[in-house]
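**Student:** What follows is a structure written as structure tokens; I'll ask about it next.
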Amino acid sequence: VNTIPRLKEANMNYLILILLLIMSCFILSTMIKVLLQDRSGKLSFLNRFKKGKFAIIFLFAIPLYWIGIYYDGNPLDISFLLSIRSTIDLIVLKFDYDSISGLFLDNSLYKATMYLLFMLVTANAFLFSFSLIGKAVLNSIKKYKIVHCCPKVNIIIGFNEQNLRILKSDKNKNNYLLFANLDNDQKDELFVINKAYCNYSYNQNVGDFLLKIFKRFDNRLINLIINTGDDEVNLLLTNQIYRLIERMKLNSLAIDDNIGLDVYAFGEPENESAFLYFVERSNGCIHYINKYKLIAIDFVNRFPMTKFMKGTHIDYETATIKDNVNMNVIMVGFGKANQQLLMTSIANNQFLTKEGESLEPKSVNYWIYDKEDAINHKNLNHNYFRYKKEIQQLINKEDKYLPLPNDVANIEFIKKNINDEFFYQSIKANLLSTKYDNNDQERERMDCINYLIVSFGTDLENLDLADKLSIKLKEWDLVKHTKVFIRISNDALANQVVKGEYVKRGNMFNYGALQEVVFNINQIIDERMTKMAKMRHLIYTLEHNKKENLNLPIKEIKNQAHDQWYAKWNEVQRMSNVYACLSVRTKLQLLGFDYTDDKEAYDKSDLFIKKYIKDDNIIYSDIIVDNKPVVNYKNEYFDKASVRQTLAIQEHQRWNAYMLSNGFIPASIREIKTKDKTELLEQRKHGNITTFEGLKLYRDLMVECFNKNPEAADVIRYDYQLMDDLVWLLNKNNYKIIEKI
């Protein structure tokens with residue numbers, strides 16, 4: 001029997017309506033808030049939900065049940081207690097319909113409100129379950145799709161800030177798996193960036209673990225990045241993967257870009273040899289990643305010495321540096337980054353100047369400041385200093401050599417702390433360093449181009465010192481002639497502070513931002529210079545096949561190129577080709593050009609070719625390889641003085657610098673005659689480390705001693721090939737030649 005008067009029933013409807021509106025507003029506001037949030041916001045919502053927010057919906061259930069139970073004739077206090085019991089039953093999805101059936105049948109507004117409540121409670125239960133196990137379920141689904149459906153999978157071993165940067169570098173792809181032993185907070189981080197994971201402990205054999213998951217490797221491409229933050233662990237994992245590669249003969253798949261297993265192992269430069277041991281034996285399956293080399297290559301590519309030079313520095317008609325120009329590079333700090341940058345710079349910053357009608361080397365001055373005695377260094381002693389320390393001893397043994405190359409750089413190491421009272425005076429003196437003994441300081445300033453590179457401490461320490469040096473440059477009136485480069489590892493700091501504020505001054509630049517340059521999936525597995533170098537090497541192999549009329553199947557030619565690159569060449573030989581491609585920007589800028597990947601840019605290739613072949617045409621054969629006519633090289637072509645010859649001489653000088661900086665020394669004439677090239681390379685000697693004219697003598701030596709055909713004995717043509725084929729090479733890599741800005 002209904003005991004509620006009609007007047008009270010009207011008030012009850014108002015109360016039901018108010019509860020319905022509040023509940024609806026709560027639902028809509030929650031949905032909108034969650035939908036508009038990123039994955040981090042959604043994760044926070046789920047965490048709050050499972051910790052208690054799920055109970056909010058039940059606060060609406062108590063008054064609604066209270067009203068329904070009271071309507072059926074129960075006393076007010078008993079109705080309240082019964083409503084609490086019904087709400088508790090509702091938590092476990094037990095819907096108490098009987099106690100509210102009277103009002104449920106008599107009042108359509110109440111009926112609609114309770115239906116909404118029941119649906120929300122059901123959704124609430126599913127959401128609560130998802131907050132507890134949903135992330136794991138989603139990860140399992142994502143992992144299943146990656147393992148069984150993705151033709152290309154990127155696997156990263158180790159949970160650390162560096163690997164998170166790699167995962168974040170490719171936001172649009174869902175083919176990443178992280179192997180690591182993760183806690184709940186780390187799993188939450190991966191949920192936020194929408195990446196999948198496999199629980200993996202370093203004491204498990206990673207080769208067996210990988211095989212258990214994927215079963216086979218001939219139906220997809222797997223890129224495995226080993227970067228645990230510990231070189232010992234990295235090396236152990238690399239060894240385990242190497243055993244898998246050997247056991248399953250995966251090196252036979254390495255030539256194919258679409259299947260197989262490619263391993264990228266990070267290691268510090270002082271441990272390089274240990275990683276290269278596996279690189280040399282895996283035939284292209286294992287690659288060594290030196291983050292400092294990536295930083296150095298990026299720096300030299302973005303900021304070659306020629307970038308800021310003008311007509312007062314470069315003779316654009318002859319591609320030479322003017323005789324009165326002085327080039328200074330000052331490095332403050334000589335840690336791992338600047339050590340690698342020095343070697344990479346030396347291998348690229350090679351120039352010529354005209355003295356009368358002859359071409360002479362034009363050296364760059366390097367001034368290295370460090371609080372330690374930087375000249376005493378294991379890697380430098382092993383590589384760069386070998387030529388200076390050993391060649392004179394060898395000459396004294398009365399061995400005869402082809403003409404020896406000049407020193408590839410003028411380097412002075414200065415042991416001086418940045419807090420030294422004479423630090424700034426020393427910097428100023430070296431920035432004004434000039435070969436001329438005169439007092440015309442204005443001329444000195446006009447003629448010099450200075451790089452001041454700061455990398456001695458933390459990002460903020462580097463920034464602070466660079467700021468102080470920038471102020472000193474104003475005092476010395478050297479701002480226009482000096483560019484300041486600050487090593488900033490933090491990408492946010494680099495982009496928001498340095499690029500946003502400091503660069504406005506016009507002479508300050510940052511380099512070494514880790515997210516952009518190192519911990520970026522494209523920099524690791526598809527580095528531009530390496531890609532370009534391998535493409536160039538393949539085209540040479542194809543050309544050789546055509547010239548010899550072998551007509552081998554394309555797959556076999558690719559196998560030959562791949563086998564030579566990975567199995568027959570060592571790391572120095574491979575990187576020699578990479579550094580050759582790295583030098584392209586410098587060569588173009590010596591002629592007043594540059595290249596870009598800007599699709600909207602106007603291509604000036606025709607203008608470049610016209611300038612490049614002025615007075616020295618490229619002679620092409622009838623052979624076409626990959627839409628590129630093959631150049632017909634004859635020995636008599638190399639004697640013609642021209643821009644083309646100048647850049648070939650500069651390229652050979654650059655190659656000399658690269659080889660010398662890697663610890664190679666010239667082979668004596670006796671060694672050239674008695675030892676084959678492989679034996680000399682094992683002793684880190686080479687018969688072509690000589691002057692450009694010395695290469696002609698080398699050719700004559702090959703003809704005399706080995707009865708070779710003069711054309712077959714020539715090696716000078718290799719110094720011409722890079723620039724002769726440059727338009728084709730850049731176009732193949734989606735670059736355009738533009739005028740230098």
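Letters A, B, ... go to the chains of the structure tokens in the order shown; residues in each chain start at 1; ligands are counted from 1 in the same order.
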So that I can see what lies close to stretch 303-307 of chain A, please list as a list in words the residues with an atom at most 9 Å from it, counting only C-alpha atoms and leaving out residues fewer than 5 positions away in the same chain.
**Tutor:**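 The filter keeps Asp298, His313, Ile314, Met327, Ser345, Asn348, Asn349, Ile449, Asn450, Tyr451, Ser583, Arg585, Thr586, Lys587, Gln589, Leu590, Lys740 and Ile741 of chain A.
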**Student:** Using N, CA and C atoms, can you write the selected residues to a file as an mmCIF file, in the first residue's frame?
**Tutor:**
```
data_model
loop_
_atom_site.group_PDB
_atom_site.id
_atom_site.type_symbol
_atom_site.label_atom_id
_atom_site.label_comp_id
_atom_site.auth_asym_id
_atom_site.auth_seq_id
_atom_site.Cartn_x
_atom_site.Cartn_y
_atom_site.Cartn_z
ATOM 1 N N ASP A 298 77.151 13.901 -36.995
ATOM 2 C CA ASP A 298 76.082 14.904 -37.094
ATOM 3 C C ASP A 298 76.658 16.317 -37.050
ATOM 4 N N HIS A 313 86.868 34.152 -47.800
ATOM 5 C CA HIS A 313 87.608 32.968 -47.359
ATOM 6 C C HIS A 313 87.835 31.953 -48.474
ATOM 7 N N ILE A 314 86.827 31.776 -49.334
ATOM 8 C CA ILE A 314 86.872 30.724 -50.364
ATOM 9 C C ILE A 314 86.929 31.349 -51.746
ATOM 10 N N MET A 327 92.273 29.216 -40.202
ATOM 11 C CA MET A 327 91.159 28.442 -39.654
ATOM 12 C C MET A 327 91.564 27.860 -38.306
ATOM 13 N N SER A 345 86.544 15.536 -37.431
ATOM 14 C CA SER A 345 86.805 16.839 -38.057
ATOM 15 C C SER A 345 88.073 16.789 -38.897
ATOM 16 N N ASN A 348 87.624 15.326 -42.212
ATOM 17 C CA ASN A 348 86.774 16.064 -43.142
ATOM 18 C C ASN A 348 87.343 17.439 -43.493
ATOM 19 N N ASN A 349 87.947 18.086 -42.512
ATOM 20 C CA ASN A 349 88.429 19.457 -42.719
ATOM 21 C C ASN A 349 89.805 19.467 -43.386
ATOM 22 N N ILE A 449 88.573 32.317 -39.532
ATOM 23 C CA ILE A 449 87.293 31.689 -39.262
ATOM 24 C C ILE A 449 87.516 30.769 -38.070
ATOM 25 N N ASN A 450 86.791 31.015 -36.987
ATOM 26 C CA ASN A 450 87.054 30.326 -35.723
ATOM 27 C C ASN A 450 85.851 29.507 -35.268
ATOM 28 N N TYR A 451 86.127 28.291 -34.808
ATOM 29 C CA TYR A 451 85.129 27.454 -34.142
ATOM 30 C C TYR A 451 85.548 27.304 -32.683
ATOM 31 N N SER A 583 81.894 14.025 -46.500
ATOM 32 C CA SER A 583 82.658 15.153 -47.029
ATOM 33 C C SER A 583 81.967 15.879 -48.175
ATOM 34 N N ARG A 585 79.222 17.637 -48.396
ATOM 35 C CA ARG A 585 78.762 19.007 -48.117
ATOM 36 C C ARG A 585 79.922 19.995 -48.201
ATOM 37 N N THR A 586 81.079 19.629 -47.647
ATOM 38 C CA THR A 586 82.248 20.509 -47.714
ATOM 39 C C THR A 586 82.641 20.775 -49.161
ATOM 40 N N LYS A 587 82.680 19.725 -49.972
ATOM 41 C CA LYS A 587 83.080 19.873 -51.376
ATOM 42 C C LYS A 587 82.105 20.778 -52.133
ATOM 43 N N GLN A 589 80.198 23.108 -50.817
ATOM 44 C CA GLN A 589 80.296 24.474 -50.315
ATOM 45 C C GLN A 589 81.553 25.172 -50.813
ATOM 46 N N LEU A 590 82.575 24.419 -51.144
ATOM 47 C CA LEU A 590 83.769 25.024 -51.746
ATOM 48 C C LEU A 590 83.479 25.599 -53.130
ATOM 49 N N LYS A 740 74.554 27.694 -51.962
ATOM 50 C CA LYS A 740 74.932 27.867 -50.556
ATOM 51 C C LYS A 740 74.353 29.172 -50.018
ATOM 52 N N ILE A 741 73.768 29.067 -48.811
ATOM 53 C CA ILE A 741 73.205 30.250 -48.168
ATOM 54 C C ILE A 741 74.291 30.872 -47.300
#
```
**Student:** Find the residues near A:Val153: any atom within 12 Å, counting only C-alpha atoms, skip ones fewer than 2 places away on the same chain, and give them as a ChimeraX atom specification.
**Tutor:** /A:143-151,155-156,173-178,196,210,214,217,219-225,258-263,521,525
**Student:** Could the residues in this selection be written to a file with N, CA, C and O atoms, as a compact mmCIF listing (two decimals), in the first residue's frame?
**Tutor:**
```
# COMPACT_ATOMS: atom_id res chain seq x y z
N LYS A 143 51.53 -7.40 -28.10
CA LYS A 143 52.68 -8.28 -28.31
C LYS A 143 52.35 -9.38 -29.32
O LYS A 143 53.18 -9.70 -30.18
N TYR A 144 51.16 -9.93 -29.23
CA TYR A 144 50.74 -10.98 -30.17
C TYR A 144 50.73 -10.45 -31.60
O TYR A 144 51.20 -11.10 -32.53
N LYS A 145 50.17 -9.24 -31.78
CA LYS A 145 50.13 -8.64 -33.12
C LYS A 145 51.54 -8.42 -33.67
O LYS A 145 51.81 -8.67 -34.85
N ILE A 146 52.43 -7.94 -32.80
CA ILE A 146 53.80 -7.66 -33.24
C ILE A 146 54.50 -8.95 -33.65
O ILE A 146 55.13 -9.03 -34.71
N VAL A 147 54.39 -9.97 -32.83
CA VAL A 147 55.11 -11.23 -33.07
C VAL A 147 54.56 -11.95 -34.29
O VAL A 147 55.32 -12.53 -35.07
N HIS A 148 53.24 -11.91 -34.50
CA HIS A 148 52.64 -12.72 -35.55
C HIS A 148 52.23 -11.96 -36.80
O HIS A 148 51.99 -12.60 -37.84
N CYS A 149 52.17 -10.65 -36.72
CA CYS A 149 51.63 -9.90 -37.87
C CYS A 149 52.58 -8.87 -38.48
O CYS A 149 52.39 -8.48 -39.63
N CYS A 150 53.56 -8.40 -37.72
CA CYS A 150 54.41 -7.32 -38.22
C CYS A 150 55.55 -7.86 -39.09
O CYS A 150 56.30 -8.73 -38.64
N PRO A 151 55.71 -7.35 -40.31
CA PRO A 151 56.82 -7.79 -41.15
C PRO A 151 58.18 -7.24 -40.71
O PRO A 151 59.22 -7.74 -41.12
N ILE A 155 63.21 -4.52 -31.61
CA ILE A 155 63.30 -4.99 -30.24
C ILE A 155 64.43 -4.24 -29.54
O ILE A 155 65.53 -4.11 -30.08
N ILE A 156 64.16 -3.76 -28.34
CA ILE A 156 65.15 -3.03 -27.56
C ILE A 156 65.34 -3.75 -26.23
O ILE A 156 64.36 -4.06 -25.54
N LYS A 173 54.56 4.20 -35.03
CA LYS A 173 54.68 2.78 -35.35
C LYS A 173 54.46 1.93 -34.10
O LYS A 173 54.92 2.27 -33.02
N ASN A 174 53.78 0.82 -34.30
CA ASN A 174 53.45 -0.08 -33.19
C ASN A 174 54.13 -1.43 -33.36
O ASN A 174 53.52 -2.48 -33.13
N ASN A 175 55.39 -1.39 -33.76
CA ASN A 175 56.12 -2.65 -33.96
C ASN A 175 57.34 -2.73 -33.04
O ASN A 175 58.36 -3.29 -33.40
N TYR A 176 57.21 -2.15 -31.85
CA TYR A 176 58.33 -2.14 -30.90
C TYR A 176 58.06 -3.08 -29.73
O TYR A 176 56.95 -3.12 -29.19
N LEU A 177 59.09 -3.81 -29.34
CA LEU A 177 59.04 -4.66 -28.16
C LEU A 177 60.23 -4.32 -27.27
O LEU A 177 61.37 -4.26 -27.75
N LEU A 178 59.97 -4.14 -26.00
CA LEU A 178 61.06 -3.92 -25.05
C LEU A 178 61.25 -5.19 -24.24
O LEU A 178 60.29 -5.73 -23.68
N ALA A 196 54.89 -2.05 -26.36
CA ALA A 196 54.73 -3.37 -25.74
C ALA A 196 56.05 -3.84 -25.14
O ALA A 196 57.13 -3.35 -25.48
N LEU A 210 64.80 -15.16 -27.80
CA LEU A 210 64.32 -14.62 -29.07
C LEU A 210 63.77 -15.73 -29.97
O LEU A 210 62.72 -15.58 -30.60
N PHE A 214 59.95 -16.00 -31.61
CA PHE A 214 59.72 -15.81 -33.05
C PHE A 214 59.84 -17.08 -33.89
O PHE A 214 59.42 -17.08 -35.04
N PHE A 217 63.29 -16.63 -38.57
CA PHE A 217 63.70 -15.25 -38.90
C PHE A 217 63.72 -15.01 -40.42
O PHE A 217 64.15 -13.95 -40.85
N ASN A 219 61.05 -14.88 -42.30
CA ASN A 219 59.74 -14.37 -42.75
C ASN A 219 59.48 -12.94 -42.29
O ASN A 219 58.39 -12.42 -42.44
N ARG A 220 60.50 -12.30 -41.69
CA ARG A 220 60.35 -10.92 -41.21
C ARG A 220 61.74 -10.35 -40.95
O ARG A 220 62.73 -11.10 -40.89
N LEU A 221 61.80 -9.04 -40.77
CA LEU A 221 63.04 -8.38 -40.39
C LEU A 221 62.95 -8.00 -38.92
O LEU A 221 62.01 -7.33 -38.50
N ILE A 222 63.94 -8.44 -38.14
CA ILE A 222 63.99 -8.11 -36.72
C ILE A 222 65.23 -7.27 -36.46
O ILE A 222 66.36 -7.72 -36.71
N ASN A 223 65.02 -6.05 -35.98
CA ASN A 223 66.12 -5.18 -35.55
C ASN A 223 66.22 -5.27 -34.03
O ASN A 223 65.28 -4.90 -33.33
N LEU A 224 67.34 -5.76 -33.56
CA LEU A 224 67.54 -5.95 -32.12
C LEU A 224 68.57 -4.94 -31.63
O LEU A 224 69.73 -4.96 -32.04
N ILE A 225 68.15 -4.03 -30.74
CA ILE A 225 69.04 -3.00 -30.20
C ILE A 225 69.42 -3.38 -28.78
O ILE A 225 68.57 -3.54 -27.90
N ASN A 258 64.56 -7.14 -46.04
CA ASN A 258 63.21 -7.39 -45.54
C ASN A 258 63.09 -8.60 -44.61
O ASN A 258 62.02 -8.82 -44.03
N ILE A 259 64.15 -9.38 -44.49
CA ILE A 259 64.10 -10.54 -43.61
C ILE A 259 65.42 -10.66 -42.86
O ILE A 259 66.42 -10.03 -43.21
N GLY A 260 65.40 -11.46 -41.80
CA GLY A 260 66.64 -11.74 -41.08
C GLY A 260 66.69 -11.03 -39.73
O GLY A 260 65.70 -10.48 -39.24
N LEU A 261 67.87 -11.07 -39.12
CA LEU A 261 68.11 -10.49 -37.80
C LEU A 261 69.28 -9.52 -37.88
O LEU A 261 70.40 -9.91 -38.23
N ASP A 262 69.02 -8.25 -37.57
CA ASP A 262 70.07 -7.23 -37.51
C ASP A 262 70.22 -6.79 -36.06
O ASP A 262 69.24 -6.40 -35.41
N VAL A 263 71.45 -6.82 -35.56
CA VAL A 263 71.73 -6.52 -34.16
C VAL A 263 72.54 -5.23 -34.09
O VAL A 263 73.54 -5.08 -34.81
N ILE A 521 65.59 5.97 -33.56
CA ILE A 521 65.63 4.69 -34.29
C ILE A 521 66.22 4.84 -35.68
O ILE A 521 66.94 3.96 -36.16
N ILE A 525 69.40 2.48 -37.00
CA ILE A 525 69.28 1.42 -38.00
C ILE A 525 69.29 1.94 -39.43
O ILE A 525 69.37 1.15 -40.37
```
**Student:** Counting only C-alpha atoms, figure out which residue out of A:Asn396, A:Asn365, A:Asn410, A:Asn507 gets nearest to A:Lys474.
**Tutor:**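 Distance minimum relative to A:Lys474 lands on A:Asn507.
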**Student:** Using only C-alpha atoms, which of A:Ala409, A:Asp420, A:Asp464, A:Arg717 sits nearest A:Phe385?
**Tutor:** A:Ala409
**Student:** I'd like the contact shell of A:Val584 - 12 Å cut-off, only C-alpha atoms, skipping same-chain residues fewer than 5 positions apart - returned as a count of residues only.
**Tutor:** 36
**Student:** Could you list, as a PyMOL selection string, every residue within 12 Å of A:Lys547, counting only C-alpha atoms and ignoring same-chain residues fewer than 2 positions away?
**Tutor:** chain A and resi 540-545+549-552+621-625+629-633
**Student:** Identify, on the basis of only C-alpha atoms, every residue whose closest approach to A:Leu237 does not exceed 8 Å; exclude the query and any residue fewer than 4 positions from it along the same chain; express the result as a PDB file with all heavy atoms, in the first residue's frame.
**Tutor:**
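Contents of the output file out.pdb:
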```pdb
ATOM      1  N   ASN A 205      69.432 -16.537 -21.631  1.00  0.00           N
ATOM      2  CA  ASN A 205      70.126 -16.443 -22.917  1.00  0.00           C
ATOM      3  C   ASN A 205      69.216 -15.740 -23.915  1.00  0.00           C
ATOM      4  O   ASN A 205      68.144 -16.246 -24.259  1.00  0.00           O
ATOM      5  CB  ASN A 205      70.496 -17.839 -23.422  1.00  0.00           C
ATOM      6  CG  ASN A 205      71.332 -17.789 -24.686  1.00  0.00           C
ATOM      7  OD1 ASN A 205      70.894 -17.290 -25.721  1.00  0.00           O
ATOM      8  ND2 ASN A 205      72.532 -18.309 -24.608  1.00  0.00           N
ATOM      9  N   VAL A 206      69.626 -14.552 -24.366  1.00  0.00           N
ATOM     10  CA  VAL A 206      68.746 -13.750 -25.213  1.00  0.00           C
ATOM     11  C   VAL A 206      68.516 -14.409 -26.571  1.00  0.00           C
ATOM     12  O   VAL A 206      67.447 -14.255 -27.174  1.00  0.00           O
ATOM     13  CB  VAL A 206      69.317 -12.320 -25.387  1.00  0.00           C
ATOM     14  CG1 VAL A 206      70.590 -12.320 -26.220  1.00  0.00           C
ATOM     15  CG2 VAL A 206      68.280 -11.398 -26.009  1.00  0.00           C
ATOM     16  N   ILE A 226      70.728  -3.549 -28.548  1.00  0.00           N
ATOM     17  CA  ILE A 226      71.236  -3.938 -27.232  1.00  0.00           C
ATOM     18  C   ILE A 226      71.836  -2.706 -26.572  1.00  0.00           C
ATOM     19  O   ILE A 226      72.890  -2.213 -26.974  1.00  0.00           O
ATOM     20  CB  ILE A 226      72.298  -5.054 -27.353  1.00  0.00           C
ATOM     21  CG1 ILE A 226      71.698  -6.289 -28.039  1.00  0.00           C
ATOM     22  CG2 ILE A 226      72.845  -5.430 -25.977  1.00  0.00           C
ATOM     23  CD1 ILE A 226      72.706  -7.394 -28.304  1.00  0.00           C
ATOM     24  N   VAL A 233      77.346  -6.278 -19.887  1.00  0.00           N
ATOM     25  CA  VAL A 233      76.095  -6.974 -20.205  1.00  0.00           C
ATOM     26  C   VAL A 233      75.827  -6.902 -21.704  1.00  0.00           C
ATOM     27  O   VAL A 233      75.433  -7.897 -22.324  1.00  0.00           O
ATOM     28  CB  VAL A 233      74.916  -6.359 -19.416  1.00  0.00           C
ATOM     29  CG1 VAL A 233      73.592  -7.028 -19.805  1.00  0.00           C
ATOM     30  CG2 VAL A 233      75.153  -6.506 -17.919  1.00  0.00           C
ATOM     31  N   ILE A 241      73.740 -13.615 -28.952  1.00  0.00           N
ATOM     32  CA  ILE A 241      73.074 -13.443 -30.250  1.00  0.00           C
ATOM     33  C   ILE A 241      73.962 -13.964 -31.375  1.00  0.00           C
ATOM     34  O   ILE A 241      73.484 -14.571 -32.350  1.00  0.00           O
ATOM     35  CB  ILE A 241      72.726 -11.954 -30.469  1.00  0.00           C
ATOM     36  CG1 ILE A 241      71.542 -11.549 -29.592  1.00  0.00           C
ATOM     37  CG2 ILE A 241      72.410 -11.676 -31.927  1.00  0.00           C
ATOM     38  CD1 ILE A 241      70.224 -12.174 -29.992  1.00  0.00           C
TER      39      ILE A 241
END
```
**Student:** Restricting the calculation to only C-alpha atoms: of A:Leu138, A:Ala265, A:Ile78, A:Ala513, which residue gets closest to A:Ile295?
**Tutor:**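 Of A:Leu138, A:Ala265, A:Ile78, A:Ala513, the one nearest A:Ile295 is A:Ala513, counting only C-alpha atoms.
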**Student:** Skip stretch 658-668 of chain A itself and residues of its chain fewer than 2 positions away, then list as a PyMOL selection string all residues within 10 Å of it, counting only C-alpha atoms.
**Tutor:** chain A and resi 342-348+350+379-388+390-391+394-395+398-405+407-408+572-573+575-576+579-580+652-656+670-675+680-690
**Student:** Quick one: residues within 12 Å of A:Thr228, only C-alpha atoms counted, chain neighbours fewer than 5 positions away excluded, as a list in words?
**Tutor:**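 Here the answer would be Ile156, Ile157, Gly158, Phe159, Asn160, Glu161, Gln162, Asn163, Leu164, Leu178, Phe179, Ala180, Asn181, Ser201, Tyr202, Val233, Asn234, Leu235, Leu236, Leu237, Thr238, Tyr264, Ala265, Phe266 and Gly267 of chain A.
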**Student:** Extract the full set of helix (DSSP H, G or I) residues from stretch 472-511 of chain A according to DSSP on the backbone, and format it as a ChimeraX atom specification.
**Tutor:** /A:472-476,479-481,491-498,502-505
**Student:** Using N, CA and C atoms, can you export the residues from the last selection as a PDB file, in the first residue's frame?
**Tutor:**
```
ATOM      1  N   LYS A 472      83.181  37.545 -23.840  1.00  0.00           N
ATOM      2  CA  LYS A 472      84.587  37.864 -24.111  1.00  0.00           C
ATOM      3  C   LYS A 472      84.808  38.130 -25.608  1.00  0.00           C
ATOM      4  N   LEU A 473      84.093  37.394 -26.453  1.00  0.00           N
ATOM      5  CA  LEU A 473      84.240  37.610 -27.897  1.00  0.00           C
ATOM      6  C   LEU A 473      83.844  39.036 -28.280  1.00  0.00           C
ATOM      7  N   LYS A 474      82.840  39.567 -27.600  1.00  0.00           N
ATOM      8  CA  LYS A 474      82.451  40.957 -27.850  1.00  0.00           C
ATOM      9  C   LYS A 474      83.564  41.910 -27.414  1.00  0.00           C
ATOM     10  N   GLU A 475      84.159  41.600 -26.266  1.00  0.00           N
ATOM     11  CA  GLU A 475      85.267  42.432 -25.792  1.00  0.00           C
ATOM     12  C   GLU A 475      86.425  42.423 -26.783  1.00  0.00           C
ATOM     13  N   TRP A 476      86.667  41.263 -27.392  1.00  0.00           N
ATOM     14  CA  TRP A 476      87.810  41.116 -28.300  1.00  0.00           C
ATOM     15  C   TRP A 476      87.468  41.489 -29.743  1.00  0.00           C
ATOM     16  N   VAL A 479      83.274  38.519 -32.504  1.00  0.00           N
ATOM     17  CA  VAL A 479      81.979  37.855 -32.614  1.00  0.00           C
ATOM     18  C   VAL A 479      81.679  37.450 -34.053  1.00  0.00           C
ATOM     19  N   LYS A 480      81.956  38.336 -35.001  1.00  0.00           N
ATOM     20  CA  LYS A 480      81.625  38.070 -36.398  1.00  0.00           C
ATOM     21  C   LYS A 480      82.461  36.956 -37.005  1.00  0.00           C
ATOM     22  N   HIS A 481      83.569  36.653 -36.369  1.00  0.00           N
ATOM     23  CA  HIS A 481      84.501  35.695 -36.969  1.00  0.00           C
ATOM     24  C   HIS A 481      84.583  34.390 -36.184  1.00  0.00           C
ATOM     25  N   ASP A 491      67.516  17.314 -24.828  1.00  0.00           N
ATOM     26  CA  ASP A 491      66.844  17.834 -26.022  1.00  0.00           C
ATOM     27  C   ASP A 491      65.933  19.016 -25.711  1.00  0.00           C
ATOM     28  N   ALA A 492      65.232  18.953 -24.588  1.00  0.00           N
ATOM     29  CA  ALA A 492      64.346  20.062 -24.223  1.00  0.00           C
ATOM     30  C   ALA A 492      65.155  21.330 -23.984  1.00  0.00           C
ATOM     31  N   LEU A 493      66.264  21.202 -23.280  1.00  0.00           N
ATOM     32  CA  LEU A 493      67.126  22.359 -23.027  1.00  0.00           C
ATOM     33  C   LEU A 493      67.689  22.904 -24.332  1.00  0.00           C
ATOM     34  N   ALA A 494      68.088  21.997 -25.218  1.00  0.00           N
ATOM     35  CA  ALA A 494      68.649  22.418 -26.505  1.00  0.00           C
ATOM     36  C   ALA A 494      67.624  23.169 -27.346  1.00  0.00           C
ATOM     37  N   ASN A 495      66.416  22.643 -27.416  1.00  0.00           N
ATOM     38  CA  ASN A 495      65.407  23.222 -28.303  1.00  0.00           C
ATOM     39  C   ASN A 495      64.739  24.458 -27.722  1.00  0.00           C
ATOM     40  N   GLN A 496      64.477  24.442 -26.426  1.00  0.00           N
ATOM     41  CA  GLN A 496      63.710  25.535 -25.829  1.00  0.00           C
ATOM     42  C   GLN A 496      64.581  26.700 -25.372  1.00  0.00           C
ATOM     43  N   VAL A 497      65.764  26.385 -24.858  1.00  0.00           N
ATOM     44  CA  VAL A 497      66.610  27.452 -24.318  1.00  0.00           C
ATOM     45  C   VAL A 497      67.665  27.889 -25.327  1.00  0.00           C
ATOM     46  N   VAL A 498      68.472  26.939 -25.776  1.00  0.00           N
ATOM     47  CA  VAL A 498      69.593  27.312 -26.646  1.00  0.00           C
ATOM     48  C   VAL A 498      69.083  27.789 -28.007  1.00  0.00           C
ATOM     49  N   TYR A 502      69.560  31.575 -27.157  1.00  0.00           N
ATOM     50  CA  TYR A 502      70.972  31.856 -27.391  1.00  0.00           C
ATOM     51  C   TYR A 502      71.308  31.989 -28.873  1.00  0.00           C
ATOM     52  N   VAL A 503      70.660  31.183 -29.702  1.00  0.00           N
ATOM     53  CA  VAL A 503      70.966  31.219 -31.132  1.00  0.00           C
ATOM     54  C   VAL A 503      70.591  32.554 -31.760  1.00  0.00           C
ATOM     55  N   LYS A 504      69.694  33.279 -31.117  1.00  0.00           N
ATOM     56  CA  LYS A 504      69.305  34.593 -31.636  1.00  0.00           C
ATOM     57  C   LYS A 504      70.500  35.536 -31.726  1.00  0.00           C
ATOM     58  N   ARG A 505      71.530  35.243 -30.943  1.00  0.00           N
ATOM     59  CA  ARG A 505      72.717  36.105 -30.985  1.00  0.00           C
ATOM     60  C   ARG A 505      73.474  35.961 -32.308  1.00  0.00           C
TER      61      ARG A 505
END
```
**Student:** Could you state the separation of atom CA of A:Arg699 and atom CA of A:Asp676 in Å, given to one decimal place?
**Tutor:** 15.1 Å
**Student:** I'd like the interatomic distance between atom CA of A:Gly284 and atom CA of A:Tyr566, to a tenth of an Å.
**Tutor:** 5.2 Å
**Student:** Please measure the separation of atom CA of A:Thr353 and atom CA of A:Lys322, giving the value in Å to one decimal.
**Tutor:**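 Separating atom CA of A:Thr353 from atom CA of A:Lys322 is a distance of 5.9 Å.
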